[in-house]
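*Asks:* Supplied structure: query_10.cif, mmCIF, C-alpha atoms.
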data_query
#
loop_
_atom_site.label_atom_id
_atom_site.label_comp_id
_atom_site.auth_asym_id
_atom_site.auth_seq_id
_atom_site.Cartn_x
_atom_site.Cartn_y
_atom_site.Cartn_z
CA MET A 1 -90.29 -89.16 -27.57
CA ALA A 2 -89.64 -85.55 -28.58
CA VAL A 3 -91.82 -84.22 -25.75
CA ALA A 4 -90.04 -86.49 -23.27
CA SER A 5 -86.77 -85.01 -24.55
CA GLY A 6 -87.96 -81.54 -23.52
CA LEU A 7 -88.64 -80.18 -27.01
CA ASN A 8 -91.50 -77.94 -28.12
CA VAL A 9 -92.79 -80.23 -30.85
CA ALA A 10 -95.67 -80.09 -33.35
CA VAL A 11 -97.22 -83.31 -34.67
CA GLY A 12 -99.56 -83.66 -37.64
CA GLY A 13 -99.74 -83.89 -41.41
CA ASN A 14 -101.94 -86.55 -42.96
CA LEU A 15 -102.75 -87.85 -39.49
CA GLY A 16 -104.09 -85.06 -37.28
CA VAL A 17 -103.51 -81.33 -37.72
CA PRO A 18 -102.72 -80.18 -41.31
CA MET A 19 -99.09 -79.14 -41.79
CA LEU A 20 -99.68 -75.45 -42.48
CA ASP A 21 -101.81 -75.10 -39.34
CA LEU A 22 -98.79 -76.22 -37.29
CA LEU A 23 -96.49 -73.39 -38.34
CA ASP A 24 -95.15 -71.54 -35.29
CA ASP A 25 -91.79 -69.92 -34.57
CA GLN A 26 -91.81 -71.50 -31.10
CA HIS A 27 -91.67 -75.09 -32.33
CA GLN A 28 -88.25 -76.74 -32.23
CA LEU A 29 -89.26 -79.87 -34.15
CA TYR A 30 -92.03 -80.88 -36.54
CA VAL A 31 -93.04 -84.54 -36.78
CA LEU A 32 -95.17 -85.13 -39.87
CA GLU A 33 -96.88 -88.19 -41.29
CA LEU A 34 -97.40 -87.77 -45.03
CA SER A 35 -99.57 -89.66 -47.48
CA SER A 36 -98.58 -90.52 -51.02
CA PHE A 37 -101.18 -87.95 -52.13
CA GLN A 38 -99.28 -85.22 -50.28
CA LEU A 39 -95.90 -86.51 -51.40
CA GLU A 40 -96.99 -86.10 -55.02
CA LEU A 41 -96.69 -82.35 -54.38
CA LEU A 42 -93.27 -82.52 -52.67
CA ASN A 43 -90.27 -81.45 -54.72
CA ASP A 44 -87.75 -80.63 -51.98
CA SER A 45 -87.94 -81.47 -48.28
CA ARG A 46 -85.13 -78.96 -47.60
CA GLY A 47 -82.98 -81.11 -45.39
CA ALA A 48 -85.69 -82.99 -43.50
CA ILE A 49 -84.98 -86.26 -41.73
CA VAL A 50 -87.29 -88.76 -43.41
CA ALA A 51 -88.41 -92.36 -43.04
CA LEU A 52 -90.21 -94.77 -45.35
CA LEU A 53 -91.64 -97.59 -43.25
CA ASN A 54 -93.08 -99.87 -45.93
CA VAL A 55 -94.35 -100.02 -49.50
CA SER A 56 -97.32 -102.29 -50.12
CA PRO A 57 -100.15 -101.85 -52.61
CA ASP A 58 -102.64 -99.14 -51.61
CA HIS A 59 -104.85 -96.63 -53.42
CA MET A 60 -104.79 -98.75 -56.55
CA ASP A 61 -107.91 -96.85 -57.57
CA ARG A 62 -105.64 -93.78 -57.92
CA TYR A 63 -102.39 -95.26 -59.25
CA ALA A 64 -101.81 -97.29 -62.40
CA GLY A 65 -99.95 -99.91 -60.37
CA LEU A 66 -97.47 -100.55 -57.56
CA GLN A 67 -94.63 -98.93 -59.52
CA GLN A 68 -96.46 -95.60 -59.72
CA TYR A 69 -97.43 -95.75 -56.04
CA HIS A 70 -93.80 -96.63 -55.17
CA ALA A 71 -92.60 -93.59 -57.12
CA ALA A 72 -95.01 -91.30 -55.26
CA LYS A 73 -93.86 -92.53 -51.86
CA HIS A 74 -90.19 -92.22 -52.84
CA ARG A 75 -90.62 -88.49 -53.38
CA ILE A 76 -90.13 -88.26 -49.60
CA PHE A 77 -86.38 -88.63 -50.17
CA ARG A 78 -86.14 -85.51 -52.33
CA GLY A 79 -83.89 -83.00 -50.57
CA ALA A 80 -83.60 -85.09 -47.40
CA SER A 81 -80.51 -84.83 -45.20
CA LYS A 82 -80.97 -88.23 -43.52
CA ALA A 83 -83.19 -91.20 -44.31
CA VAL A 84 -84.46 -94.21 -42.36
CA VAL A 85 -85.53 -97.33 -44.30
CA ASN A 86 -86.83 -100.81 -43.51
CA ARG A 87 -84.33 -103.65 -44.01
CA ASP A 88 -87.26 -106.08 -44.19
CA ASP A 89 -88.81 -104.22 -47.15
CA GLN A 90 -86.47 -103.69 -50.08
CA LEU A 91 -88.96 -101.32 -51.74
CA THR A 92 -88.24 -98.70 -49.05
CA LYS A 93 -84.61 -98.25 -50.10
CA PRO A 94 -84.10 -94.96 -51.96
CA LEU A 95 -82.94 -94.90 -55.54
CA LEU A 96 -80.66 -91.93 -54.89
CA SER A 97 -77.06 -90.87 -54.75
CA SER A 98 -75.03 -91.45 -51.57
CA ASP A 99 -75.51 -87.84 -50.50
CA VAL A 100 -78.29 -88.90 -48.12
CA GLU A 101 -77.12 -90.39 -44.81
CA LEU A 102 -78.95 -93.72 -44.60
CA THR A 103 -79.94 -95.76 -41.51
CA SER A 104 -82.02 -98.92 -41.45
CA PHE A 105 -84.22 -100.78 -38.97
CA GLY A 106 -85.41 -104.37 -39.03
CA LEU A 107 -86.47 -107.33 -36.92
CA ASN A 108 -83.07 -109.01 -37.11
CA GLN A 109 -79.56 -108.47 -35.79
CA PRO A 110 -78.34 -105.04 -36.90
CA ASP A 111 -75.00 -104.01 -38.29
CA LEU A 112 -73.07 -101.24 -36.54
CA GLY A 113 -75.08 -98.03 -36.47
CA GLU A 114 -78.28 -99.78 -37.57
CA PHE A 115 -81.33 -100.63 -35.45
CA GLY A 116 -82.65 -104.13 -34.81
CA ILE A 117 -83.07 -107.03 -32.40
CA LEU A 118 -80.42 -108.81 -30.37
CA GLU A 119 -80.97 -112.28 -28.86
CA GLY A 120 -84.33 -112.98 -30.49
CA LEU A 121 -87.89 -111.66 -30.45
CA GLU A 122 -88.96 -113.55 -27.34
CA GLN A 123 -86.45 -112.49 -24.68
CA GLY A 124 -84.23 -110.14 -26.66
CA TYR A 125 -83.44 -106.44 -26.83
CA LEU A 126 -84.03 -103.44 -29.04
CA ALA A 127 -80.55 -102.52 -30.16
CA ARG A 128 -78.37 -100.12 -32.12
CA GLY A 129 -75.52 -102.17 -33.52
CA ILE A 130 -74.23 -104.26 -30.63
CA GLU A 131 -75.60 -101.82 -28.02
CA ARG A 132 -78.64 -103.06 -26.13
CA LEU A 133 -81.12 -100.20 -25.75
CA MET A 134 -83.93 -101.87 -23.78
CA PRO A 135 -85.53 -105.30 -23.25
CA ILE A 136 -88.35 -106.16 -25.63
CA SER A 137 -90.44 -107.20 -22.63
CA GLU A 138 -90.54 -103.55 -21.47
CA VAL A 139 -92.04 -102.18 -24.71
CA ALA A 140 -95.65 -101.20 -23.93
CA LEU A 141 -96.93 -101.70 -27.49
CA LYS A 142 -97.50 -105.38 -28.22
CA GLY A 143 -97.01 -107.25 -31.49
CA THR A 144 -93.88 -107.79 -33.56
CA HIS A 145 -94.98 -105.14 -36.07
CA ASN A 146 -94.93 -102.62 -33.22
CA LEU A 147 -91.34 -103.61 -32.40
CA ALA A 148 -90.52 -102.56 -35.97
CA ASN A 149 -92.37 -99.27 -35.37
CA ALA A 150 -90.42 -98.75 -32.14
CA LEU A 151 -87.12 -99.33 -33.94
CA ALA A 152 -88.11 -96.92 -36.71
CA ALA A 153 -88.96 -94.27 -34.10
CA LEU A 154 -85.63 -94.82 -32.35
CA ALA A 155 -83.78 -94.47 -35.65
CA LEU A 156 -85.63 -91.25 -36.51
CA GLY A 157 -85.13 -89.88 -33.02
CA CYS A 158 -81.42 -90.60 -33.01
CA ALA A 159 -81.10 -88.93 -36.42
CA ALA A 160 -82.85 -85.89 -34.95
CA GLY A 161 -80.59 -85.85 -31.90
CA LEU A 162 -83.08 -87.01 -29.27
CA PRO A 163 -81.52 -88.65 -26.18
CA VAL A 164 -81.80 -92.43 -26.19
CA GLN A 165 -82.80 -92.66 -22.52
CA ALA A 166 -85.84 -90.40 -23.00
CA MET A 167 -86.91 -92.35 -26.08
CA CYS A 168 -86.65 -95.70 -24.30
CA GLU A 169 -88.61 -94.40 -21.30
CA THR A 170 -91.35 -93.34 -23.75
CA LEU A 171 -91.48 -96.83 -25.26
CA LYS A 172 -92.15 -98.24 -21.79
CA THR A 173 -95.35 -96.20 -21.41
CA TYR A 174 -96.64 -95.24 -24.88
CA ARG A 175 -99.61 -97.43 -25.83
CA GLY A 176 -100.30 -96.13 -29.32
CA LEU A 177 -102.92 -94.12 -31.16
CA PRO A 178 -106.66 -94.69 -30.96
CA HIS A 179 -107.85 -97.28 -33.51
CA ARG A 180 -104.29 -98.46 -34.29
CA CYS A 181 -103.95 -101.88 -32.66
CA GLU A 182 -105.76 -100.46 -29.63
CA ASN A 183 -106.50 -102.95 -26.84
CA VAL A 184 -110.25 -102.52 -26.27
CA ALA A 185 -111.20 -105.25 -23.78
CA GLU A 186 -110.55 -108.77 -22.56
CA ILE A 187 -113.73 -110.81 -22.08
CA ASN A 188 -113.68 -114.45 -20.98
CA GLY A 189 -110.02 -114.70 -21.92
CA VAL A 190 -110.57 -113.26 -25.42
CA LEU A 191 -108.74 -110.05 -26.36
CA TYR A 192 -110.52 -107.49 -28.58
CA ILE A 193 -108.26 -105.19 -30.62
CA ASP A 194 -109.32 -102.14 -32.65
CA ASP A 195 -107.10 -101.63 -35.70
CA SER A 196 -109.64 -99.63 -37.68
CA LYS A 197 -106.76 -97.46 -38.92
CA GLY A 198 -105.56 -100.52 -40.84
CA THR A 199 -107.05 -99.30 -44.12
CA ASN A 200 -104.81 -101.20 -46.55
CA LEU A 201 -103.57 -104.71 -47.12
CA GLY A 202 -100.08 -104.04 -45.77
CA ALA A 203 -101.37 -102.72 -42.45
CA THR A 204 -103.67 -105.71 -41.98
CA GLU A 205 -100.96 -108.21 -42.89
CA ALA A 206 -98.64 -106.55 -40.36
CA ALA A 207 -101.31 -106.81 -37.66
CA LEU A 208 -101.93 -110.49 -38.45
CA GLU A 209 -98.20 -111.23 -38.30
CA GLY A 210 -97.89 -109.17 -35.14
CA PHE A 211 -100.68 -110.88 -33.18
CA GLY A 212 -100.81 -114.30 -34.81
CA SER A 213 -99.63 -117.39 -32.93
CA VAL A 214 -97.35 -119.94 -34.57
CA GLU A 215 -98.74 -122.65 -32.28
CA ARG A 216 -102.41 -122.47 -33.34
CA LYS A 217 -104.82 -120.34 -35.33
CA ASN A 218 -105.78 -117.74 -32.73
CA LEU A 219 -107.24 -114.81 -34.71
CA ILE A 220 -110.80 -113.92 -35.65
CA LEU A 221 -110.52 -111.11 -38.20
CA ILE A 222 -113.19 -108.51 -38.93
CA ALA A 223 -112.40 -106.88 -42.28
CA GLY A 224 -113.93 -105.23 -45.32
CA GLY A 225 -115.09 -101.90 -46.67
CA GLN A 226 -113.94 -100.03 -49.77
CA GLY A 227 -111.10 -102.07 -51.25
CA LYS A 228 -109.51 -99.33 -53.39
CA ASP A 229 -108.83 -101.89 -56.17
CA GLN A 230 -106.36 -103.81 -54.02
CA ASP A 231 -105.51 -107.43 -54.84
CA PHE A 232 -106.61 -109.30 -51.71
CA SER A 233 -104.89 -112.51 -52.76
CA GLY A 234 -101.96 -111.09 -50.78
CA LEU A 235 -103.85 -112.00 -47.60
CA GLN A 236 -103.83 -115.70 -48.37
CA SER A 237 -100.58 -116.72 -46.70
CA THR A 238 -101.19 -114.86 -43.42
CA ALA A 239 -104.84 -115.95 -43.37
CA ALA A 240 -103.80 -119.58 -43.78
CA LYS A 241 -101.34 -119.32 -40.89
CA TYR A 242 -103.33 -117.39 -38.31
CA LEU A 243 -107.07 -117.07 -39.01
CA LYS A 244 -109.61 -119.20 -37.24
CA GLN A 245 -112.39 -117.15 -38.86
CA ALA A 246 -112.80 -114.09 -41.07
CA LEU A 247 -115.98 -112.03 -40.73
CA LEU A 248 -116.35 -109.73 -43.73
CA LEU A 249 -118.57 -106.69 -44.20
CA GLY A 250 -118.95 -103.70 -46.46
CA GLN A 251 -118.79 -102.88 -50.14
CA ASP A 252 -115.94 -105.18 -51.15
CA ALA A 253 -116.41 -107.96 -48.59
CA ALA A 254 -117.07 -110.46 -51.37
CA GLN A 255 -113.68 -109.72 -52.96
CA ILE A 256 -111.87 -110.58 -49.74
CA ASP A 257 -114.08 -113.66 -49.34
CA ARG A 258 -113.10 -114.94 -52.78
CA ALA A 259 -109.43 -114.38 -52.03
CA ILE A 260 -109.20 -116.25 -48.73
CA LYS A 261 -112.19 -118.59 -48.36
CA HIS A 262 -110.18 -121.60 -49.50
CA VAL A 263 -107.55 -121.10 -46.74
CA CYS A 264 -109.78 -120.21 -43.75
CA ASP A 265 -113.40 -120.11 -42.65
CA THR A 266 -115.18 -116.95 -43.84
CA GLN A 267 -118.61 -115.44 -43.38
CA LEU A 268 -120.23 -112.33 -44.83
CA VAL A 269 -122.03 -110.10 -42.32
CA ASP A 270 -124.15 -106.98 -42.73
CA SER A 271 -123.14 -104.92 -39.69
CA MET A 272 -120.35 -104.34 -37.19
CA GLN A 273 -122.67 -105.49 -34.40
CA SER A 274 -123.26 -108.83 -36.14
CA ALA A 275 -119.53 -109.24 -36.78
CA VAL A 276 -118.62 -108.70 -33.13
CA GLU A 277 -121.40 -110.96 -31.84
CA LEU A 278 -120.38 -113.77 -34.23
CA ALA A 279 -116.71 -113.31 -33.34
CA ALA A 280 -117.53 -113.65 -29.64
CA ARG A 281 -119.34 -116.93 -30.32
CA VAL A 282 -116.42 -118.35 -32.31
CA ALA A 283 -113.61 -117.20 -30.00
CA THR A 284 -112.25 -119.21 -27.09
CA ALA A 285 -109.88 -118.21 -24.30
CA GLY A 286 -106.51 -117.18 -25.72
CA ASP A 287 -107.97 -115.97 -29.02
CA ILE A 288 -107.88 -112.41 -30.37
CA VAL A 289 -110.77 -110.70 -32.16
CA LEU A 290 -109.07 -108.21 -34.45
CA LEU A 291 -110.77 -105.41 -36.36
CA SER A 292 -108.27 -104.70 -39.12
CA PRO A 293 -110.32 -103.96 -42.24
CA ALA A 294 -107.65 -103.67 -45.00
CA CYS A 295 -110.12 -101.23 -46.57
CA ALA A 296 -111.36 -97.66 -46.42
CA SER A 297 -114.46 -97.05 -44.33
CA PHE A 298 -116.57 -94.58 -46.28
CA ASP A 299 -119.08 -97.12 -47.60
CA MET A 300 -120.57 -97.55 -44.11
CA PHE A 301 -118.96 -94.95 -41.85
CA SER A 302 -117.80 -91.34 -41.80
CA GLY A 303 -114.20 -92.52 -41.38
CA PHE A 304 -111.99 -95.06 -39.65
CA GLU A 305 -112.64 -93.32 -36.31
CA GLU A 306 -116.39 -93.97 -36.42
CA ARG A 307 -115.77 -97.53 -37.57
CA GLY A 308 -113.46 -98.12 -34.63
CA LEU A 309 -115.90 -96.59 -32.16
CA CYS A 310 -118.69 -98.80 -33.52
CA PHE A 311 -116.49 -101.84 -32.94
CA GLN A 312 -115.69 -100.69 -29.41
CA ARG A 313 -119.36 -100.08 -28.57
CA ALA A 314 -120.32 -103.48 -29.93
CA VAL A 315 -117.62 -105.11 -27.78
CA ALA A 316 -118.80 -103.14 -24.74
CA ASN A 317 -122.29 -104.60 -25.21
CA LEU A 318 -121.13 -108.21 -25.19
CA PRO A 319 -122.10 -110.36 -22.19
CA GLY A 320 -119.41 -110.10 -19.52
CA ALA A 321 -118.08 -106.75 -20.73
CA GLN A 322 -117.95 -103.69 -18.54
CA GLN A 323 -120.42 -101.13 -19.87
CA PRO A 324 -118.85 -97.87 -21.12
CA GLU A 325 -119.44 -94.82 -18.95
CA SER A 326 -121.11 -92.92 -21.80
CA GLY A 327 -123.41 -95.76 -22.82
CA GLY A 328 -124.01 -95.30 -26.52
CA GLN A 329 -125.93 -97.09 -29.21
CA LEU A 330 -124.58 -99.91 -31.28
CA CYS A 331 -123.56 -98.92 -34.79
CA SER A 332 -124.40 -100.66 -38.03
#
Show me, as structure tokens, the structure contained in the file I just sent.
*Replies:*
Amino acid sequence: MAVASGLNVAVGGNLGVPMLDLLDDQHQLYVLELSSFQLELLNDSRGAIVALLNVSPDHMDRYAGLQQYHAAKHRIFRGASKAVVNRDDQLTKPLLSSDVELTSFGLNQPDLGEFGILEGLEQGYLARGIERLMPISEVALKGTHNLANALAALALGCAAGLPVQAMCETLKTYRGLPHRCENVAEINGVLYIDDSKGTNLGATEAALEGFGSVERKNLILIAGGQGKDQDFSGLQSTAAKYLKQALLLGQDAAQIDRAIKHVCDTQLVDSMQSAVELAARVATAGDIVLLSPACASFDMFSGFEERGLCFQRAVANLPGAQQPESGGQLCS
């Protein structure tokens, strides 16, 4: 959005280039994604425009509990000039004085100056107050959770002074980051989606809600890895609503299995290749095979990128798939 607005912008932080490597007098705007680990070191953002998208349990192997993790994430508001929060997640609201100019986003009808949805999620519009910004049907990123992301980006961009038209044009073409709800292939009417970046429970729940069908259980989930002491019982409600099958691998697969096996079919597998092959056998036209692990990847892979690439290569080797140009071996 910033590039489309004509700005010289640097993007990085926890995701991508480290912050200090971005420093350059030529940049007009810095867009940074920060982890709770980094925010632990932040005492004053010196007037930054900030957003907190959600607070759900993560890194429970580092924090004593959700309250401590919540406190770490809320350090982002220190010294901020403007803040964007999620109306659908009360834990994102800052516990601060009214000195910070606050804007919210959410998947409902917004108040004046806020960002939300007019006329419903099916045929409605992204909106600021009563102003329609663009039809939902024109947003390139699919899934209701990505509508929330789009609204958050619009709120941040408006706070930073980016023109609305340029931001909306970006939403019509931007298809997301690799391994974050990335559309990999459609084979025999089954869609394969790589959400390897979904390394915590909140991200996976959002993906399930975003792609799940209310009419029938349409999702085959591939999940598992290093659980970071998360409580996977939080997956039960979304699993019960949307999962036809859960295929679980990695160090803490058994923990997830215990949490959800009474609400959906589950099976433990020993490799990404096996998971994808089993998913293809279970899936029927109209289903989605979703890699969204809810876990870190370092038990089996060098990182979420390698995990996602292994999923993509396994999908590419399924019968009926177009072979990737580079070939490549299947990963474990």
*Asks:* Return as a compact mmCIF listing (two decimals) with C-alpha atoms, in the coordinates of the input the set of residues that the PyMOL selection byres ((chain A and resi 57) around 10) yields on the displayed structure.
*Replies:*
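Result file follows (result_30.txt):
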# COMPACT_ATOMS: atom_id res chain seq x y z
CA ASN A 54 -93.08 -99.87 -45.93
CA VAL A 55 -94.35 -100.02 -49.50
CA SER A 56 -97.32 -102.29 -50.12
CA ASP A 58 -102.64 -99.14 -51.61
CA HIS A 59 -104.85 -96.63 -53.42
CA MET A 60 -104.79 -98.75 -56.55
CA TYR A 63 -102.39 -95.26 -59.25
CA GLY A 65 -99.95 -99.91 -60.37
CA LEU A 66 -97.47 -100.55 -57.56
CA GLN A 67 -94.63 -98.93 -59.52
CA TYR A 69 -97.43 -95.75 -56.04
CA HIS A 70 -93.80 -96.63 -55.17
CA ASN A 200 -104.81 -101.20 -46.55
CA LEU A 201 -103.57 -104.71 -47.12
CA GLY A 202 -100.08 -104.04 -45.77
CA LYS A 228 -109.51 -99.33 -53.39
CA ASP A 229 -108.83 -101.89 -56.17
CA GLN A 230 -106.36 -103.81 -54.02
CA ASP A 231 -105.51 -107.43 -54.84
CA PHE A 232 -106.61 -109.30 -51.71
CA GLY A 234 -101.96 -111.09 -50.78
*Asks:* Just so the selection is clear, what residues does the PyMOL selection byres ((chain A and resi 130-144) around 9) cover here, as a PDB file with C-alpha atoms, in the coordinates of the input?
*Replies:*
ATOM      1  CA  LEU A 107     -86.470-107.330 -36.920  1.00  0.00           C
ATOM      2  CA  GLN A 109     -79.560-108.470 -35.790  1.00  0.00           C
ATOM      3  CA  PRO A 110     -78.340-105.040 -36.900  1.00  0.00           C
ATOM      4  CA  ASP A 111     -75.000-104.010 -38.290  1.00  0.00           C
ATOM      5  CA  LEU A 112     -73.070-101.240 -36.540  1.00  0.00           C
ATOM      6  CA  GLY A 113     -75.080 -98.030 -36.470  1.00  0.00           C
ATOM      7  CA  ILE A 117     -83.070-107.030 -32.400  1.00  0.00           C
ATOM      8  CA  LEU A 118     -80.420-108.810 -30.370  1.00  0.00           C
ATOM      9  CA  LEU A 121     -87.890-111.660 -30.450  1.00  0.00           C
ATOM     10  CA  GLU A 122     -88.960-113.550 -27.340  1.00  0.00           C
ATOM     11  CA  GLN A 123     -86.450-112.490 -24.680  1.00  0.00           C
ATOM     12  CA  GLY A 124     -84.230-110.140 -26.660  1.00  0.00           C
ATOM     13  CA  TYR A 125     -83.440-106.440 -26.830  1.00  0.00           C
ATOM     14  CA  LEU A 126     -84.030-103.440 -29.040  1.00  0.00           C
ATOM     15  CA  ALA A 127     -80.550-102.520 -30.160  1.00  0.00           C
ATOM     16  CA  ARG A 128     -78.370-100.120 -32.120  1.00  0.00           C
ATOM     17  CA  GLY A 129     -75.520-102.170 -33.520  1.00  0.00           C
ATOM     18  CA  HIS A 145     -94.980-105.140 -36.070  1.00  0.00           C
ATOM     19  CA  ASN A 146     -94.930-102.620 -33.220  1.00  0.00           C
ATOM     20  CA  LEU A 147     -91.340-103.610 -32.400  1.00  0.00           C
ATOM     21  CA  ALA A 148     -90.520-102.560 -35.970  1.00  0.00           C
ATOM     22  CA  ASN A 149     -92.370 -99.270 -35.370  1.00  0.00           C
ATOM     23  CA  ALA A 150     -90.420 -98.750 -32.140  1.00  0.00           C
ATOM     24  CA  VAL A 164     -81.800 -92.430 -26.190  1.00  0.00           C
ATOM     25  CA  GLN A 165     -82.800 -92.660 -22.520  1.00  0.00           C
ATOM     26  CA  CYS A 168     -86.650 -95.700 -24.300  1.00  0.00           C
ATOM     27  CA  THR A 170     -91.350 -93.340 -23.750  1.00  0.00           C
ATOM     28  CA  LEU A 171     -91.480 -96.830 -25.260  1.00  0.00           C
ATOM     29  CA  LYS A 172     -92.150 -98.240 -21.790  1.00  0.00           C
ATOM     30  CA  THR A 173     -95.350 -96.200 -21.410  1.00  0.00           C
ATOM     31  CA  TYR A 174     -96.640 -95.240 -24.880  1.00  0.00           C
ATOM     32  CA  ARG A 175     -99.610 -97.430 -25.830  1.00  0.00           C
ATOM     33  CA  GLY A 176    -100.300 -96.130 -29.320  1.00  0.00           C
ATOM     34  CA  CYS A 181    -103.950-101.880 -32.660  1.00  0.00           C
ATOM     35  CA  ALA A 206     -98.640-106.550 -40.360  1.00  0.00           C
ATOM     36  CA  ALA A 207    -101.310-106.810 -37.660  1.00  0.00           C
ATOM     37  CA  GLU A 209     -98.200-111.230 -38.300  1.00  0.00           C
ATOM     38  CA  GLY A 210     -97.890-109.170 -35.140  1.00  0.00           C
ATOM     39  CA  PHE A 211    -100.680-110.880 -33.180  1.00  0.00           C
ATOM     40  CA  GLY A 212    -100.810-114.300 -34.810  1.00  0.00           C
TER      41      GLY A 212
END
*Asks:* Neighbouring residues of Gln267 of chain A were defined as those with any atom within 8 Å, considering all atoms listed in the file; residues of the same chain fewer than 5 positions away were excluded. Please report them as a list of chain:residue names.
*Replies:*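 Result of the neighbour search: A:Gln245, A:Ala246, A:Leu247, A:Leu248, A:Asp257.
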*Asks:* Given the file shown, determine the residues that the PyMOL selection byres ((chain A and resi 251) around 6) selects; report them as a list in words.
*Replies:*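 This file, filtered by the PyMOL selection byres ((chain A and resi 251) around 6), leaves Gly225, Gln226, Gly250, Asp252 and Ala253 of chain A.
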*Asks:* From the options A:Ala153, A:Leu53, A:Ala159, A:Ile220, which residue's atoms come nearest to Glu101 of chain A, counting only C-alpha atoms?
*Replies:*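 The answer is A:Ala159, which sits nearest to Glu101 of chain A.
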*Asks:* Would you mind telling me which residue in A:Lys241, A:Arg62, A:Arg75, A:Arg307 lies nearest to Ile222 of chain A when using only C-alpha atoms?
*Replies:*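 Of all the options, A:Arg307 lies closest to Ile222 of chain A.
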*Asks:* Need the neighbours of (-105.7, -116.0, -30.8): which residues are at most 7 Å away, counting all atoms listed in the file, as a PyMOL selection string?
*Replies:* chain A and resi 212-213+217-219+286-288
*Asks:* Would you list the contacts of Val100 of chain A as a ChimeraX atom specification, taking every protein, DNA or RNA residue within 10 Å and counting all atoms listed in the file, but skipping same-chain residues closer than 5 positions in sequence?
*Replies:* /A:47,49,77-84,94
*Asks:* Which of these, A:Ser5, A:Leu151, A:Leu95, A:Glu33, has the shortest distance to Glu114 of chain A once you count all atoms listed in the file?
*Replies:*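 Of A:Ser5, A:Leu151, A:Leu95, A:Glu33, the one nearest Glu114 of chain A is A:Leu151, counting all atoms listed in the file.
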*Asks:* How many Å separate atom CA of Glu169 of chain A from atom CA of Leu290 of chain A?
*Replies:*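 The value is 28.0 Å.
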*Asks:* Taking (-85.8, -82.4, -33.7) as a centre in this file's frame and 9 Å as the limit, can you find every polymer residue with an atom that close, using only C-alpha atoms, and give them as JSON, numbers by chain?
*Replies:* {"A": [2, 7, 9, 28, 29, 30, 31, 49, 157, 159, 160, 161, 162]}
*Asks:* Quick one, how far is atom CA of Ile256 of chain A from atom CA of Met272 of chain A?
*Replies:* 16.4 Å
*Asks:* Enter the distance from atom CA of Leu39 of chain A to atom CA of Met19 of chain A, in Å, rounded to one decimal.
*Replies:*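 Distance reported for this atom pair: 12.5 Å.
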*Asks:* Go through A:Val184, A:Arg87, A:Ser233, A:Pro178 one by one, measure the shortest atom-to-atom distance of each to Gly16 of chain A using all atoms listed in the file, and give the residue with the smallest value.
*Replies:*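 Selected residue with least distance to Gly16 of chain A: A:Pro178.
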*Asks:* Around all the atoms of segment 123-132 of chain A listed in the file, with 4 Å of room on each side, what axis-aligned box do you get, giving centre and edge lengths in Å to one decimal, as JSON?
*Replies:*
{"center_x": -80.3, "center_y": -106.3, "center_z": -29.1, "size_x": 20.2, "size_y": 20.4, "size_z": 16.8}
*Asks:* Pick out the residues sitting within 7 Å of Ser196 of chain A, and hand them over as a PyMOL selection string; count all atoms listed in the file, and ignore anything fewer than 4 positions along from it in its own chain.
*Replies:* chain A and resi 179-180+291-293+304+307-308
*Asks:* For Gly303 of chain A, which of A:Gly198, A:Thr284, A:Leu268, A:Ala279 is the closest residue, counting all atoms listed in the file?
*Replies:* A:Gly198
*Asks:* Quick one: segment 232-241 of chain A with N, CA and C atoms, as an mmCIF file, in the coordinates of the input?
*Replies:*
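Here's the written file out23.cif:
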data_model
loop_
_atom_site.group_PDB
_atom_site.id
_atom_site.type_symbol
_atom_site.label_atom_id
_atom_site.label_comp_id
_atom_site.auth_asym_id
_atom_site.auth_seq_id
_atom_site.Cartn_x
_atom_site.Cartn_y
_atom_site.Cartn_z
ATOM 1 N N PHE A 232 -106.557 -108.689 -53.043
ATOM 2 C CA PHE A 232 -106.610 -109.300 -51.710
ATOM 3 C C PHE A 232 -106.020 -110.693 -51.663
ATOM 4 N N SER A 233 -105.561 -111.207 -52.797
ATOM 5 C CA SER A 233 -104.890 -112.510 -52.760
ATOM 6 C C SER A 233 -103.639 -112.449 -51.898
ATOM 7 N N GLY A 234 -103.119 -111.237 -51.669
ATOM 8 C CA GLY A 234 -101.960 -111.090 -50.780
ATOM 9 C C GLY A 234 -102.227 -111.483 -49.350
ATOM 10 N N LEU A 235 -103.503 -111.588 -48.972
ATOM 11 C CA LEU A 235 -103.850 -112.000 -47.600
ATOM 12 C C LEU A 235 -103.793 -113.507 -47.400
ATOM 13 N N GLN A 236 -103.663 -114.251 -48.476
ATOM 14 C CA GLN A 236 -103.830 -115.700 -48.370
ATOM 15 C C GLN A 236 -102.844 -116.362 -47.413
ATOM 16 N N SER A 237 -101.581 -116.012 -47.505
ATOM 17 C CA SER A 237 -100.580 -116.720 -46.700
ATOM 18 C C SER A 237 -100.766 -116.436 -45.211
ATOM 19 N N THR A 238 -101.002 -115.164 -44.844
ATOM 20 C CA THR A 238 -101.190 -114.860 -43.420
ATOM 21 C C THR A 238 -102.525 -115.407 -42.915
ATOM 22 N N ALA A 239 -103.557 -115.379 -43.762
ATOM 23 C CA ALA A 239 -104.840 -115.950 -43.370
ATOM 24 C C ALA A 239 -104.708 -117.446 -43.096
ATOM 25 N N ALA A 240 -103.984 -118.135 -43.946
ATOM 26 C CA ALA A 240 -103.800 -119.580 -43.780
ATOM 27 C C ALA A 240 -103.066 -119.911 -42.487
ATOM 28 N N LYS A 241 -102.143 -119.062 -42.096
ATOM 29 C CA LYS A 241 -101.340 -119.320 -40.890
ATOM 30 C C LYS A 241 -102.084 -119.014 -39.602
#
